[in-house]
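Accompanying notes for the structure given below.
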Amino acid sequence: MSTSSVYPTPINTFKQSKRSVLSVIVDNEPGILARIVGLFSGRGYNIEALNVTVVDIKNNLSRITIETLGEEKVIEQIIAQLEKLVPVHSATNLANLKESYEAEICLVKIEFENDDQDHKILSFADIYRTRTVQKRQNLVVYEISGTSERINKFLDDLNTISGIKVEKVRSGPIGLGI
Amino acid sequence: MSNDQELTGAEIVLEALKDQEVDTIFGYPGGAVLPIYDALFGQNFLKHVLVRQEGGAVHAAEGYARSSGKVGVLLVTSGPGVTNVVTGLTDALMDSIPLVCFSGQVPSHLIGTDAFQECDTTGITRPCTKHNYLVKDVNKLPEIIHEAFEIARSGRPGPVLIDIPKDVQFAKSVYKKKSEVTFKSHRIKSGSKNIDRDFIENLINHIKKSHKPIFYVGGGCLNSGPSASHELMKLVQLTNIPITTTLHGLGCYPAEDKNSLGMLGMHGTYEANLSMNQCDLMVNIGARFDDRVTGRLDAFSPDSIKFHFDIDKSSINKNVKVDYHTNTDITISLKAINEYIESNQVEFDTNQYSTWWSQINEWRDKNCLHYEQIDETIKPQHAISRLYELTNQKDTFVTTEVGQHQMWAAQYYKFAKPNRWITSGGLGTMGFGMPAAIGAQMANPDALVIDIAGEASFLMNIQEIATAVQYKLPIKIFILNNEYMGMVRQWQELLHGSRYSESYVDALPDFKKLAESFNAVGVRAKKLSELDDAINEMVSVDRPVIADIWVDKKENCFPMIPSGAAHSEMLLSKYDKENPENQEKGKVLV
């Protein structure tokens with residue numbers, strides 16, 4: 001944060017920002033997502049990706065994974081603010097754990113026109129070991145999972161093929177500490 | 001009552017209030033809460049105070065809570081009823097005041113249809129409450145109410161709202177007592193009760209090493225309960241360390257004591273701010289490094305080791321990085337420190353801080369709160385000084401509105417006990433003081449309750465005089481009338497080239513006649529020679545009084561640290577010139 005003013009200036013905040021993945025365990029009750037999203041927008045924090053699912057039906061718990069950008073001090077403050085919310089059991093920055101694993105899933109629909117494009121697509125699909133969900137003439141749907149970085153790379157590689165049309169959907173990262 | 005007897009939702013609300021030992025509730029009826037009002041009818045354990053606008057109910061509940069240490073409770077209807085309390089809920093959240101607000105909602109089957117007086121209450125109040133509920137099932141109502149009270153008063157206190165659709169108020173269920181409810185600890189977040197040994201040992205070692213220590217105490221000390229003040233007093237006397245308090249910390253430590261440096265911050269004393277700037281050890285007890293206190297952050301107490309007591313983890317390292325912190329309740333921590341000192345026979349060298357004290361006394365000699373009462377025009381500072389002199393023998397509670405009068409009250413009214421000072425600090429809500437005085441008087445029927453007001457703030461909730469008159473609450477509204485929004489005028493003078501844009505309060509009513517029209521008492525002092533008589537008359541009448549005190553229109557509030565300036569750059573009087581570079585930077589801040 002800038003120290004020349006009473007308030008942080010946005011320019012400096014972005015300069016030292018880094019990506020963090022937060023894992024939040026919450027009571028699955030009405031309004032909990034709104035509380036979390038409202039906290040981020042109200043305090044000016046970023047949400048890059050968000051994933052919410054019930055993980056424990058018996059104890060009525062959901063796990064929320066949030067990818068956010070911010071300098072370390074801001075991330076600490078986000079965690080402290082999250083933990084103040086009544087339905088929140090815990091909020092963890094996965095980067096602070098000794099060991100944690102991340103994964104994301106992405107569905108990609110690719111429309112192509114000729115064999116040359118098809119070959120190139122196939123070769124990338126092979127390198128990245130994607131799963132074929134659907135294949136028709138001039139259209140293929142792949143599923144790829146792994147770290148967000150790996151998916152980014154696959155999508156970047158697809159971008160090098162000219163003349164194809166790519167549509168994708170991503171789950172956002174999920175993560176687990178050990 | 002037998003355990004399986006079914007009650008309506010409305011009756012459950014009343015039963016739960018009784019169980020929670022609530023004796024007073026502030027509210028205003030309307031369509032969506034009529035079943036609860038029906039249940040209120042004819043019972044006698046609960047006093048209902050009918051306000052004139054819901055905004056008054058929430059500030060009254062805040063005044064009640066602050067002055068009694070209990071949870072303030074209010075009851076309002078759906079739609080406009082609840083949107084009117086949004087300001088007060090935000091105020092209570094900022095200032096950590098425990099409230100439970102019950103609001104009516106349209107019947108469940110009409111929710112989402114834009115029904116008459118429907119609004120998304122939980123959506124609107126989510127960011128301005130500690131927690132809120134929409135009750136969809138009457139069977140859950142008893143537990144929700146008990147949990148709401150527990151959340152409101154636990155950890156860092158705050159407001160909680162319970163929205164109850166009208167059909168749920170009619171629906172029947174079995175009541176569940178408070179003693180039958182088990183709370184989930186992750187939801188209550190009551191803060192640690194464990195003594196933090198390392199923190200305590202580190203603190204004592206640093207106190208022994210330090211040459212320039214200071215205690216910086218805030219509202220958290222107050223919220224921890226009166227025994228926190230008691231332990232604090234003991235610790236200060238054992239160590240002979242100077243102590244300064246924030247706006248909300250006033251009263252935690254007797255202002256007239258020799259170790260007290262008064263309030264710090266934007267309008268704090270010269271000695272308090274310079275001590276904060278130059279100390280080598282800062283012990284923050286229940287304060288949150290607010291921007292009104294720190295001034296420019298990079299120049300805030302650059303050379304000190306900082307200890308921070310705060311039950312709210314998010315307050316640690318939020319604005320200022322500290323070296324040691326604890327989240328344990330302040331009373332528990334202070335008690336443990338005093339016991340440690342006693343049982344380990346820790347000796348403090350009383351001469352250790354003598355150079356520090358002589359430096360502080362030099363700063364004190366500047367007499368930064370000096371003002372000149374020259375002619376017959378009443379100086380606002382003098383009005384408050386006289387008010388203090390003439391009322392300090394009584395058990396007096398002071399509330400305020402927001403602005404110059406608030407800062408003068410903080411500077412010149414010397415509080416000796418906690419919970420006697422009720423003001424809107426974090427949010428700075430004009431119109432807070434009079435309804436808050438109503439709440440404080442309800443909680444303390446025999447005390448003298450004074451709202452130190454400005455004429456502009458007072459006009460924001462003026463309708464509540466009728467409430468004071470109806471319930472025979474002899475609150476005193478002491479208006480420092482300068483015909484301006486004084487603090488706005490002061491900033492315009494200092495930062496905007498004396499262009500007084502829209503800060504003159506034109507077309508003021510005759511406050512004396514206004515009082516009389518409400519069946520209250522009006523008194524007035526136009527000049528110095530009338531001041532004491534006006535105050536004495538105001539205090540002696542056993543009815544609500546509006547005292548219209550005409551004060552110097554041009555007076556500004558000093559000392560002042562302009563926004564964006566450092567503690568060491570404070571202005572002591574109108575003759576001090578501000579650094580022009582700071583002025584430009586300060587202009588964009590608040």
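Every chain in the structure tokens has a letter given in the order shown (A, B, ...), and although residue numbers restart at 1 in each chain, ligands are simply numbered from 1 in the order shown.
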
(request) Starting from chain B, keep only residues with some atom at most 10 Å from an atom of chain A, counting only C-alpha atoms, and report them as an MDAnalysis selection string. (result) chainID B and resid 122:123 126:127 130:134 151 155:156 184:189 290:292 294:299 312:319 321 563:566 585:586 589:590

(message) as number ranges by chain, please: every residue in segment 179-393 of chain B that DSSP puts in helix (DSSP H, G or I).
(response) B: 179-180, 185-188, 197-209, 219-223, 226-239, 270-278, 291-294, 297-299, 313-315, 330-343, 354-364, 380-391

Can you spit out the residues from that selection as a short mmCIF file (atom, residue, chain, number, x, y, z; two decimals), in the first residue's frame, using C-alpha atoms?
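again_4.cif, freshly written:
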data_model
loop_
_atom_site.label_atom_id
_atom_site.label_comp_id
_atom_site.auth_asym_id
_atom_site.auth_seq_id
_atom_site.Cartn_x
_atom_site.Cartn_y
_atom_site.Cartn_z
CA SER B 179 -31.08 -22.27 28.05
CA GLU B 180 -32.22 -25.00 25.64
CA SER B 185 -18.94 -21.53 18.27
CA HIS B 186 -17.98 -20.75 14.67
CA ARG B 187 -21.12 -18.63 14.37
CA ILE B 188 -20.76 -16.70 17.62
CA ARG B 197 1.22 -15.39 28.13
CA ASP B 198 3.83 -14.53 25.50
CA PHE B 199 2.09 -11.30 24.67
CA ILE B 200 1.97 -10.32 28.33
CA GLU B 201 5.61 -11.14 29.02
CA ASN B 202 6.72 -9.28 25.90
CA LEU B 203 4.63 -6.28 26.91
CA ILE B 204 6.05 -6.14 30.40
CA ASN B 205 9.61 -6.50 29.12
CA HIS B 206 9.06 -3.68 26.66
CA ILE B 207 7.49 -1.46 29.31
CA LYS B 208 10.57 -2.00 31.46
CA LYS B 209 12.91 -1.18 28.57
CA GLY B 219 -13.94 2.04 22.50
CA GLY B 220 -12.99 -1.64 22.70
CA CYS B 221 -12.04 -1.03 26.33
CA LEU B 222 -15.57 0.25 26.91
CA ASN B 223 -17.16 -2.72 25.16
CA PRO B 226 -16.53 -1.51 33.29
CA SER B 227 -13.98 -3.85 34.89
CA ALA B 228 -11.69 -3.21 31.90
CA SER B 229 -11.52 0.45 32.95
CA HIS B 230 -10.84 -0.61 36.51
CA GLU B 231 -7.93 -2.85 35.45
CA LEU B 232 -6.64 -0.16 33.11
CA MET B 233 -6.57 2.35 35.95
CA LYS B 234 -4.59 -0.09 38.06
CA LEU B 235 -2.08 -0.69 35.28
CA VAL B 236 -1.60 3.01 34.57
CA GLN B 237 -1.01 3.71 38.24
CA LEU B 238 1.44 0.83 38.58
CA THR B 239 3.48 1.92 35.59
CA TYR B 270 -1.20 18.78 21.31
CA GLU B 271 0.39 16.68 24.07
CA ALA B 272 -1.51 13.52 23.07
CA ASN B 273 -0.64 13.75 19.40
CA LEU B 274 3.00 14.68 19.89
CA SER B 275 3.40 11.89 22.44
CA MET B 276 1.96 9.45 19.93
CA ASN B 277 4.32 10.81 17.30
CA GLN B 278 7.45 10.51 19.43
CA ASP B 291 -7.74 7.66 9.88
CA ARG B 292 -9.07 10.39 12.20
CA VAL B 293 -6.48 9.20 14.73
CA THR B 294 -3.45 8.33 12.63
CA LEU B 297 0.19 6.94 7.85
CA ASP B 298 3.85 7.15 6.85
CA ALA B 299 4.43 9.72 9.58
CA LYS B 313 -8.70 -10.06 14.15
CA SER B 314 -9.42 -7.95 11.08
CA SER B 315 -8.36 -4.83 13.01
CA ILE B 330 -9.37 -6.77 27.09
CA THR B 331 -10.64 -7.33 30.64
CA ILE B 332 -9.10 -10.80 30.71
CA SER B 333 -5.80 -9.54 29.29
CA LEU B 334 -5.49 -6.51 31.55
CA LYS B 335 -6.39 -8.54 34.60
CA ALA B 336 -3.76 -11.13 33.68
CA ILE B 337 -1.16 -8.38 33.22
CA ASN B 338 -1.90 -6.86 36.62
CA GLU B 339 -1.80 -10.29 38.23
CA TYR B 340 1.47 -11.08 36.51
CA ILE B 341 2.99 -7.86 37.82
CA GLU B 342 1.77 -8.67 41.31
CA SER B 343 2.71 -12.34 41.44
CA SER B 354 10.94 11.34 34.03
CA THR B 355 12.52 12.85 30.90
CA TRP B 356 9.47 11.73 28.94
CA TRP B 357 7.11 13.30 31.44
CA SER B 358 8.99 16.59 31.47
CA GLN B 359 8.82 16.63 27.66
CA ILE B 360 5.08 15.93 27.85
CA ASN B 361 4.63 18.66 30.43
CA GLU B 362 6.37 21.08 28.11
CA TRP B 363 3.83 20.20 25.43
CA ARG B 364 1.05 20.55 27.97
CA PRO B 380 -18.76 27.65 22.22
CA GLN B 381 -15.82 26.20 24.18
CA HIS B 382 -16.82 28.34 27.14
CA ALA B 383 -20.42 27.16 26.92
CA ILE B 384 -19.27 23.54 27.23
CA SER B 385 -16.78 24.37 30.01
CA ARG B 386 -19.56 26.04 31.99
CA LEU B 387 -21.91 23.16 31.28
CA TYR B 388 -19.28 20.80 32.66
CA GLU B 389 -18.66 22.92 35.74
CA LEU B 390 -22.36 23.18 36.50
CA THR B 391 -23.23 19.51 35.93
#

Apply DSSP to the structure's backbone, then extract all residues of chain A labelled strand (DSSP E or B) and return them as a compact mmCIF listing (two decimals) with N, CA and C atoms, in the first residue's frame.
# COMPACT_ATOMS: atom_id res chain seq x y z
N LYS A 18 -0.56 -10.24 -6.29
CA LYS A 18 -0.28 -11.57 -6.78
C LYS A 18 -1.53 -12.42 -6.64
N ARG A 19 -1.50 -13.52 -7.38
CA ARG A 19 -2.68 -14.37 -7.41
C ARG A 19 -2.71 -15.25 -6.17
N SER A 20 -3.88 -15.33 -5.53
CA SER A 20 -4.03 -16.24 -4.40
C SER A 20 -5.32 -17.03 -4.57
N VAL A 21 -5.30 -18.26 -4.10
CA VAL A 21 -6.51 -19.07 -4.12
C VAL A 21 -6.94 -19.30 -2.67
N LEU A 22 -8.17 -18.85 -2.36
CA LEU A 22 -8.68 -18.98 -1.00
C LEU A 22 -9.73 -20.07 -0.95
N SER A 23 -9.66 -20.85 0.10
CA SER A 23 -10.63 -21.92 0.27
C SER A 23 -11.44 -21.63 1.52
N VAL A 24 -12.77 -21.54 1.36
CA VAL A 24 -13.62 -21.09 2.45
C VAL A 24 -14.69 -22.15 2.73
N ILE A 25 -14.76 -22.59 3.97
CA ILE A 25 -15.80 -23.55 4.35
C ILE A 25 -16.92 -22.78 5.04
N VAL A 26 -18.15 -22.98 4.55
CA VAL A 26 -19.27 -22.19 5.08
C VAL A 26 -20.47 -23.08 5.36
N ASP A 27 -21.36 -22.58 6.25
CA ASP A 27 -22.67 -23.21 6.39
C ASP A 27 -23.43 -22.94 5.10
N ALA A 49 -12.00 -15.63 -10.02
CA ALA A 49 -12.80 -16.82 -10.26
C ALA A 49 -13.45 -17.25 -8.97
N LEU A 50 -14.59 -17.93 -9.10
CA LEU A 50 -15.38 -18.28 -7.92
C LEU A 50 -16.05 -19.61 -8.16
N ASN A 51 -15.99 -20.48 -7.18
CA ASN A 51 -16.62 -21.78 -7.31
C ASN A 51 -17.29 -22.14 -5.99
N VAL A 52 -18.57 -22.55 -6.06
CA VAL A 52 -19.33 -22.85 -4.84
C VAL A 52 -20.05 -24.18 -5.00
N THR A 53 -19.86 -25.10 -4.10
CA THR A 53 -20.62 -26.35 -4.14
C THR A 53 -20.77 -26.92 -2.74
N VAL A 54 -21.89 -27.58 -2.51
CA VAL A 54 -22.08 -28.30 -1.26
C VAL A 54 -21.09 -29.46 -1.23
N VAL A 55 -20.38 -29.62 -0.12
CA VAL A 55 -19.42 -30.73 -0.04
C VAL A 55 -19.75 -31.70 1.08
N ASP A 56 -20.66 -31.31 1.98
CA ASP A 56 -20.99 -32.18 3.09
C ASP A 56 -22.47 -31.99 3.39
N LEU A 61 -22.48 -28.28 4.76
CA LEU A 61 -21.34 -27.40 4.51
C LEU A 61 -21.09 -27.24 3.01
N SER A 62 -20.71 -26.05 2.63
CA SER A 62 -20.26 -25.81 1.25
C SER A 62 -18.81 -25.37 1.29
N ARG A 63 -18.11 -25.64 0.19
CA ARG A 63 -16.76 -25.11 0.07
C ARG A 63 -16.76 -24.10 -1.07
N ILE A 64 -16.25 -22.94 -0.76
CA ILE A 64 -16.17 -21.87 -1.76
C ILE A 64 -14.70 -21.64 -2.07
N THR A 65 -14.35 -21.67 -3.35
CA THR A 65 -12.96 -21.39 -3.72
C THR A 65 -12.94 -20.07 -4.49
N ILE A 66 -12.10 -19.17 -4.06
CA ILE A 66 -12.04 -17.85 -4.68
C ILE A 66 -10.62 -17.58 -5.15
N GLU A 67 -10.48 -17.25 -6.41
CA GLU A 67 -9.18 -16.80 -6.90
C GLU A 67 -9.21 -15.28 -6.86
N THR A 68 -8.21 -14.69 -6.22
CA THR A 68 -8.21 -13.24 -6.07
C THR A 68 -6.83 -12.68 -6.34
N LEU A 69 -6.79 -11.37 -6.60
CA LEU A 69 -5.53 -10.68 -6.82
C LEU A 69 -5.36 -9.65 -5.72
N GLY A 70 -4.17 -9.58 -5.17
CA GLY A 70 -3.94 -8.54 -4.17
C GLY A 70 -2.59 -8.75 -3.54
N VAL A 88 -19.26 -18.50 8.20
CA VAL A 88 -17.95 -18.99 7.73
C VAL A 88 -17.25 -19.79 8.85
N HIS A 89 -16.88 -21.03 8.52
CA HIS A 89 -16.13 -21.85 9.47
C HIS A 89 -14.64 -21.51 9.42
N SER A 90 -14.11 -21.44 8.20
CA SER A 90 -12.69 -21.14 8.07
C SER A 90 -12.42 -20.56 6.69
N ALA A 91 -11.37 -19.78 6.60
CA ALA A 91 -10.91 -19.26 5.31
C ALA A 91 -9.40 -19.46 5.27
N THR A 92 -8.92 -20.09 4.21
CA THR A 92 -7.50 -20.45 4.13
C THR A 92 -6.91 -19.98 2.81
N ASN A 93 -5.74 -19.40 2.89
CA ASN A 93 -5.00 -19.10 1.67
C ASN A 93 -4.17 -20.33 1.35
N SER A 100 -0.50 -28.17 -0.99
CA SER A 100 -1.87 -28.03 -1.46
C SER A 100 -1.92 -28.32 -2.96
N TYR A 101 -3.08 -28.75 -3.41
CA TYR A 101 -3.23 -29.09 -4.83
C TYR A 101 -4.39 -28.32 -5.43
N GLU A 102 -4.20 -27.95 -6.66
CA GLU A 102 -5.19 -27.15 -7.36
C GLU A 102 -5.61 -27.86 -8.63
N ALA A 103 -6.85 -27.69 -9.01
CA ALA A 103 -7.28 -28.21 -10.31
C ALA A 103 -8.40 -27.34 -10.83
N GLU A 104 -8.52 -27.36 -12.16
CA GLU A 104 -9.61 -26.64 -12.79
C GLU A 104 -10.08 -27.49 -13.94
N ILE A 105 -11.31 -27.35 -14.31
CA ILE A 105 -11.81 -28.09 -15.47
C ILE A 105 -12.33 -27.10 -16.49
N CYS A 106 -12.13 -27.47 -17.77
CA CYS A 106 -12.50 -26.54 -18.84
C CYS A 106 -13.12 -27.36 -19.98
N LEU A 107 -14.23 -26.89 -20.50
CA LEU A 107 -14.80 -27.50 -21.71
C LEU A 107 -14.52 -26.56 -22.88
N VAL A 108 -14.02 -27.13 -23.98
CA VAL A 108 -13.68 -26.29 -25.16
C VAL A 108 -14.42 -26.84 -26.38
N LYS A 109 -15.16 -25.98 -27.02
CA LYS A 109 -15.82 -26.36 -28.27
C LYS A 109 -15.03 -25.71 -29.42
N ILE A 110 -14.57 -26.54 -30.35
CA ILE A 110 -13.77 -25.99 -31.45
C ILE A 110 -14.46 -26.30 -32.77
N GLU A 111 -14.71 -25.25 -33.54
CA GLU A 111 -15.25 -25.46 -34.90
C GLU A 111 -14.13 -25.19 -35.89
N ARG A 131 -9.80 -34.99 -22.88
CA ARG A 131 -10.78 -36.04 -23.09
C ARG A 131 -11.75 -35.53 -24.16
N THR A 132 -12.06 -36.41 -25.11
CA THR A 132 -12.99 -35.99 -26.16
C THR A 132 -14.42 -36.24 -25.68
N VAL A 133 -15.17 -35.16 -25.62
CA VAL A 133 -16.55 -35.25 -25.16
C VAL A 133 -17.48 -35.52 -26.33
N GLN A 134 -17.14 -34.89 -27.45
CA GLN A 134 -17.98 -35.01 -28.64
C GLN A 134 -17.13 -34.74 -29.88
N LYS A 135 -17.34 -35.52 -30.90
CA LYS A 135 -16.60 -35.23 -32.14
C LYS A 135 -17.53 -35.43 -33.32
N ARG A 136 -17.64 -34.39 -34.14
CA ARG A 136 -18.43 -34.48 -35.36
C ARG A 136 -17.59 -33.89 -36.48
N LEU A 139 -16.37 -30.23 -35.96
CA LEU A 139 -16.60 -29.76 -34.59
C LEU A 139 -16.08 -30.78 -33.60
N VAL A 140 -15.41 -30.29 -32.58
CA VAL A 140 -14.97 -31.19 -31.54
C VAL A 140 -15.14 -30.50 -30.17
N VAL A 141 -15.52 -31.27 -29.14
CA VAL A 141 -15.60 -30.72 -27.79
C VAL A 141 -14.65 -31.52 -26.90
N TYR A 142 -13.71 -30.79 -26.25
CA TYR A 142 -12.76 -31.44 -25.35
C TYR A 142 -13.02 -31.04 -23.91
N GLU A 143 -12.62 -31.91 -23.06
CA GLU A 143 -12.60 -31.58 -21.64
C GLU A 143 -11.13 -31.65 -21.22
N ILE A 144 -10.66 -30.58 -20.57
CA ILE A 144 -9.29 -30.61 -20.07
C ILE A 144 -9.31 -30.20 -18.62
N SER A 145 -8.52 -30.88 -17.81
CA SER A 145 -8.45 -30.48 -16.41
C SER A 145 -6.99 -30.41 -15.99
N GLY A 146 -6.77 -29.79 -14.86
CA GLY A 146 -5.42 -29.59 -14.35
C GLY A 146 -5.31 -28.22 -13.73
N LYS A 165 -12.83 -21.59 -34.64
CA LYS A 165 -13.65 -20.84 -33.69
C LYS A 165 -13.68 -21.61 -32.36
N VAL A 166 -13.25 -20.95 -31.31
CA VAL A 166 -13.14 -21.63 -30.02
C VAL A 166 -14.11 -21.01 -29.01
N GLU A 167 -14.88 -21.85 -28.37
CA GLU A 167 -15.73 -21.36 -27.27
C GLU A 167 -15.39 -22.20 -26.04
N LYS A 168 -15.26 -21.53 -24.88
CA LYS A 168 -14.85 -22.31 -23.72
C LYS A 168 -15.60 -21.90 -22.46
N VAL A 169 -15.63 -22.82 -21.52
CA VAL A 169 -16.17 -22.53 -20.20
C VAL A 169 -15.22 -23.14 -19.18
N ARG A 170 -14.95 -22.36 -18.09
CA ARG A 170 -13.99 -22.83 -17.10
C ARG A 170 -14.64 -22.84 -15.72
N ILE A 174 -10.18 -25.02 -8.17
CA ILE A 174 -10.54 -25.51 -6.86
C ILE A 174 -9.26 -26.04 -6.24
N GLY A 175 -9.22 -26.11 -4.94
CA GLY A 175 -7.96 -26.53 -4.33
C GLY A 175 -8.19 -27.19 -3.00
N LEU A 176 -7.18 -27.93 -2.57
CA LEU A 176 -7.30 -28.68 -1.34
C LEU A 176 -5.94 -28.71 -0.66
N GLY A 177 -5.93 -28.46 0.63
CA GLY A 177 -4.69 -28.56 1.38
C GLY A 177 -4.55 -29.94 1.99

(request) Name the residues in contact with Ala447 of chain B at a cut-off of 8 Å, using only C-alpha atoms, excluding same-chain residues fewer than 2 positions from it; report them as an MDAnalysis selection string. (result) chainID B and resid 394:397 441 444:445 449

(request) Give the answer as one residue: which of B:Arg288, B:Gly225, B:Tyr371, B:Leu247 has the shortest atom-to-atom distance to Pro418 of chain B, using only C-alpha atoms? (result)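 Among the listed residues, B:Gly225 lies closest to Pro418 of chain B.
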
(request) List the neighbours of segment 41-50 of chain B out to 6 Å using only C-alpha atoms; skip same-chain residues closer than 6 positions along the sequence, and give me the result as a list in words. (result)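 Answer for this query is Asp23, Thr24, Ile25, Phe26, Gly27 and Tyr28 of chain B.
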
How would the residues just chosen look if you wrote them out with C-alpha atoms as a tab-separated table (two decimals), in the first residue's frame?
chain	number	residue	atom	x	y	z
B	23	ASP	CA	-37.08	-4.44	29.37
B	24	THR	CA	-37.25	-1.69	26.75
B	25	ILE	CA	-37.92	-1.72	23.04
B	26	PHE	CA	-38.01	1.20	20.60
B	27	GLY	CA	-40.28	0.98	17.61
B	28	TYR	CA	-42.93	2.14	15.22

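In this structure, atom CA of Lys417 of chain B sits 26.0 Å away from atom CA of Phe458 of chain B.
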